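Everything on this sheet refers to the single structure shown next.
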Amino acid sequence: MFGIKIIGGNRLKGEVQVSGAKNASLPILAACLLTSGECVLHGVPRLRDVEVMVEVLQALGARVNWEGATLTVCTREVKTTEIPEILMRKMRASNLVMGALLGRCGSFKASTPGGCAIGSRPMDLHLKGFRSLGARIDQQYGFTLGEARKVKGTFIHLDFPSVGATENLMMAAALAEGLTIIRNAAREPEIVDLQSFLCRLGARICGAGTHEIRIEGVSTLGAGEHLIIPDRIEASTFLAAGVISQGEVMVFNAVAEHVEPVLSKLREMGAQIRVEEEGIWANSKGKYLQSVDVKTLPYPGFPTDMQPQMVALLTQARGTSVVTETIFESRFKHVDELRRMGAQIRVEGRAAIIYGVSRLTGAVVEASDLRAGAALVLAGLVAEGETLVEGVHHLDRGYHNMEEKLQSLGARIHRATLKT
Ligand code: EPZ
C-alpha cells in the first residue's frame, strides 16, 4: 500500500507538461472497436484507468501494443461482446464500449455498473438512446444486455447533457443505417476529440462541441491515427497548485479554451494568469486570494472534476465562498478530510460554504476518489507540517506521476510505502 507524504510550505515555481486527457483516451480507445483497421493513438497517458480500458479491449479480442505514449489497437475481429465483470467493477467507464459493440457487432453484455464515491451514476440515458436506435435492452441478474439486428438512425433528445451517454450514442450511431441527431448533447472538449478521431476513421459526424450532433451512418470504418488532446483537468490542477502555494507555475501543452472556466475563477480570486503560445502561466506570489462563488455545470461551465481542488484552494481565500455541485449528488467527501486539516467548511445539501482563511495543519487523510485525492494533495502543499494522503490508487487512476511533477515544481512530496 502506498501513500503520498507532503511537507507543506514551499512556494511552487517552474514549469510542468500535462499529459494526454484521460477522459478523451477512454472513449477513443472504445471507438477502436468500431473498425477492423489499425488505430494508432499518440499522447495516451499511462494511467490505471487507461490500462483497464486496454484490458477490456484485449478481453474482447483486440491486439494492443503500447510503446511510450503511443498505443496501436487492432480489432480485426471481435471474439466476444461480453465485457468481463471484474473489469466493469474496476472502472465504470468500461461501459463506453457498449455503443461501439452495438454498432460493430449488434450486441453487448455487461454487468450493470454500480455507483461510486461521487454518486449513483445511472445509465438510463445511455440505454434509452440505445433503444431509440433500435436495440432491445434487457436488465436481469445484475447484467445489462443489448441487441440490435441493425442499428437505425434516429432523433434523440438527452434529458441531461451526459458526457458518457453522448459518447456511447455517437459510437453506436457511426455504423447505423441513416441519420442520427443527438440533441442536448454534452459539449465537453473530449466529445470534440472523439468526433475528430471517428472522422479520421471515415465516420460522417459533425456538431460535436455544440448541443446538436449529427451522425450520418456509414457501412464500415477504416484505419486511423490520432493525437489525444491535453488533459484540461490535470492542467487546471497544476495551476491551482501554483496558486494555493503562492507560487508561479507554467503549464505547458494546455489548451486555454478548454480551461477557460477555471482560469476565470483563478483571476477572480486575484491570481495573475497569462495565456502564452506554449502554455498557461499562473502567479499568486505575494497576492491575497479573495473568496469567490463557484457552481459546477456541464462544459463550458465550471468542471465538476475541479470542484474538490477548488474547495481546497478556497480555504486559503479571504472571506466566505460558496461552491455548489450540480452534477453529482455526493461529491463532497473531501470536505471531511479537509476539516481534519483545519479547514472551516460547512456542507448544506449541494453547497459547501468555505470560511477562509483557514490555517491548515498536516494530518493523515484518505482520498475517496480521484479528484478528492488531488484536493488533499493541494491542501498538503500549504498545510503546516506533514500530510499523509492514503488511497493513492485513486490518484493513479487519473494523474500520471503527480508527485514527480509536483517535486519538479519544488514541492516536498514523495510516495511512501505504508505499513499495513
Ligand atoms: C464523465 O463521466 C467523466 N468521466 C467524469 O470524470 C466527469 O465528472 C463527468 O463526465 C461529468 O463531466 C469520463 O469521461 C470517463 P455524465 P460520466 O454521464 O460520463 C447523470 C473523473 O474524475 N447521469 O456526464 O459518467 C449522472 O448520474 C470522472 O475523471 C444520469 O442520470 O458523467 C451525473 O449526475 C469523474 N443518467 C450526471 O448525469 C445517465 O444515463 C453527469 O454524468 C448518465 C448520467
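Following the order of the C-alpha cells, chains are lettered A, B, ..., residues in each are numbered from 1, and ligands are numbered from 1.
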Can you pull out every residue from region 250-312 of chain A that DSSP, working from the backbone, puts in helix (DSSP H, G or I), and format the result as a list of chain:residue names? A:Ala256, A:Glu257, A:His258, A:Val259, A:Glu260, A:Pro261, A:Val262, A:Leu263, A:Ser264, A:Lys265, A:Leu266, A:Arg267, A:Glu268, A:Met269, A:Thr304, A:Asp305, A:Met306, A:Gln307, A:Pro308, A:Gln309, A:Met310, A:Val311, A:Ala312
Take the residues from that selection and write them out as a JSON list (two decimals), in the first residue's frame, keeping C-alpha atoms.
```json
[["chain", "number", "residue", "atom", "x", "y", "z"],
["A", 256, "ALA", "CA", -6.55, 27.73, -22.86],
["A", 257, "GLU", "CA", -10.09, 27.45, -24.24],
["A", 258, "HIS", "CA", -10.55, 24.09, -22.51],
["A", 259, "VAL", "CA", -9.61, 25.51, -19.10],
["A", 260, "GLU", "CA", -11.26, 28.93, -19.53],
["A", 261, "PRO", "CA", -13.89, 28.38, -16.78],
["A", 262, "VAL", "CA", -11.10, 27.61, -14.29],
["A", 263, "LEU", "CA", -8.85, 30.48, -15.45],
["A", 264, "SER", "CA", -11.66, 32.97, -14.99],
["A", 265, "LYS", "CA", -12.22, 31.80, -11.38],
["A", 266, "LEU", "CA", -8.49, 31.95, -10.58],
["A", 267, "ARG", "CA", -8.38, 35.51, -11.96],
["A", 268, "GLU", "CA", -11.48, 36.42, -9.93],
["A", 269, "MET", "CA", -9.63, 35.17, -6.82],
["A", 304, "THR", "CA", -17.16, 19.22, -11.60],
["A", 305, "ASP", "CA", -13.79, 17.44, -11.84],
["A", 306, "MET", "CA", -12.15, 20.61, -10.50],
["A", 307, "GLN", "CA", -14.65, 21.16, -7.67],
["A", 308, "PRO", "CA", -12.72, 19.35, -4.90],
["A", 309, "GLN", "CA", -9.49, 21.11, -5.85],
["A", 310, "MET", "CA", -11.29, 24.47, -5.83],
["A", 311, "VAL", "CA", -12.72, 23.79, -2.37],
["A", 312, "ALA", "CA", -9.18, 23.15, -1.10]]
```
List all protein, DNA and RNA residues that have an atom no more than 7 Å from any atom of ligand 1, counting only C-alpha atoms and all ligand atoms, and report them as a list in words.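 Protein and nucleic-acid residues within 7 Å of ligand 1: Asn23, Ala24, Leu26, Ala93, Gly119, Ser120, Arg121, Pro122, Met123, Asp124, Leu125, His126, Phe160, Pro161, Ser162, Val163, Gly164, Ala165, Pro298, Pro303, Thr304, Asp305, Ile327, Phe328, Glu329, Leu370, Arg371 and Gly398 of chain A.
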Among region 14-230 of chain A, which ones does DSSP assign to strand (DSSP E or B) (computed from the backbone)? Answer as a ChimeraX atom specification. /A:14-17,20,38-42,63-67,70-74,82,107-111,116,119,136-140,143-147,152,155-157,177,179-183,204-206,208,210,212-216,224-227,230
Determine, counting only C-alpha atoms, which protein, DNA and RNA residues have an atom within 7 Å of an atom of Gly8 (chain A); residues of the same chain fewer than 5 positions away are not included. Present the result as a VMD selection string. chain A and resid 380 to 386
Near Ala372 (chain A), within 9 Å and counting only C-alpha atoms, which residues show up once chain neighbours fewer than 5 positions away are dropped, as number ranges by chain? A: 307-309, 331-335, 366-367, 377, 394-395
Between A:Arg412, A:Lys128, A:Lys419, A:Arg274, single out the one closest to Ser245 (chain A), counting only C-alpha atoms. A:Arg412
For Val218 (chain A), work out the shell of residues within 12 Å, counting only C-alpha atoms and skipping chain neighbours fewer than 2 positions away, then give it as an MDAnalysis selection string. chainID A and resid 34:35 103:104 151:153 171:180 198:199 201:205 215:216 220:222
Which residue gives the smallest distance to Gly20 (chain A) among A:Val40, A:Leu227, A:Leu297, A:Val322, with only C-alpha atoms counted? A:Leu227
For Arg187 (chain A), find every residue with an atom within 8 Å (counting only C-alpha atoms), except residues of its own chain fewer than 5 positions away, and show them as a ChimeraX atom specification. /A:161,163,192,208-211,298-300
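Excluding Ser291 (chain A) itself and same-chain residues fewer than 6 positions from it, the residues having an atom within 10 Å of it are Lys265, Glu268, Met269, Gly270, Leu313, Leu314, Thr315, Gln316, Ala317, Arg318, Gly319, Thr320, Ser321, Val322, Ile354, Tyr355, Gly356 and Val357 of chain A, counting only C-alpha atoms.
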Atom-to-atom span, CA of Val292 (chain A) and CA of Gln17 (chain A), Å: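 A separation of 27.8 Å between them.
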Enumerate, in order of chain and increasing residue number, the residues of region 23-44 of chain A with an atom no farther than 6 Å from region 65-73 of chain A, each with its shortest atom pair and distance in Å to one decimal, counting only C-alpha atoms, as CSV.
```
residue,atom,partner,partner_atom,distance
A:Glu38,CA,A:Val73,CA,5.9
A:Cys39,CA,A:Val73,CA,5.1
A:Val40,CA,A:Thr72,CA,4.5
A:Leu41,CA,A:Leu71,CA,5.1
A:His42,CA,A:Thr70,CA,4.4
A:Gly43,CA,A:Ala69,CA,5.0
A:Val44,CA,A:Ala69,CA,4.9
```
Nearest to Leu12 (chain A), chosen from A:Val249, A:Val389, A:Ala271, A:Ala254, with only C-alpha atoms counted in the distances: A:Val249
Give me, please, the distance in Å between CA of Leu133 (chain A) and CA of Ser196 (chain A), quoted to one decimal.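 That distance, rounded to one decimal, is 22.2 Å.
Nearest-residue note for Lys13 (chain A): choosing from A:Gln140, A:Thr361, A:Ser408, A:Thr417, the minimum distance belongs to A:Ser408, counting only C-alpha atoms.
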For a test of reading the model, state the distance in Å between CA of Asn253 (chain A) and CA of Pro189 (chain A), rounded to one decimal.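 The value is 14.8 Å.
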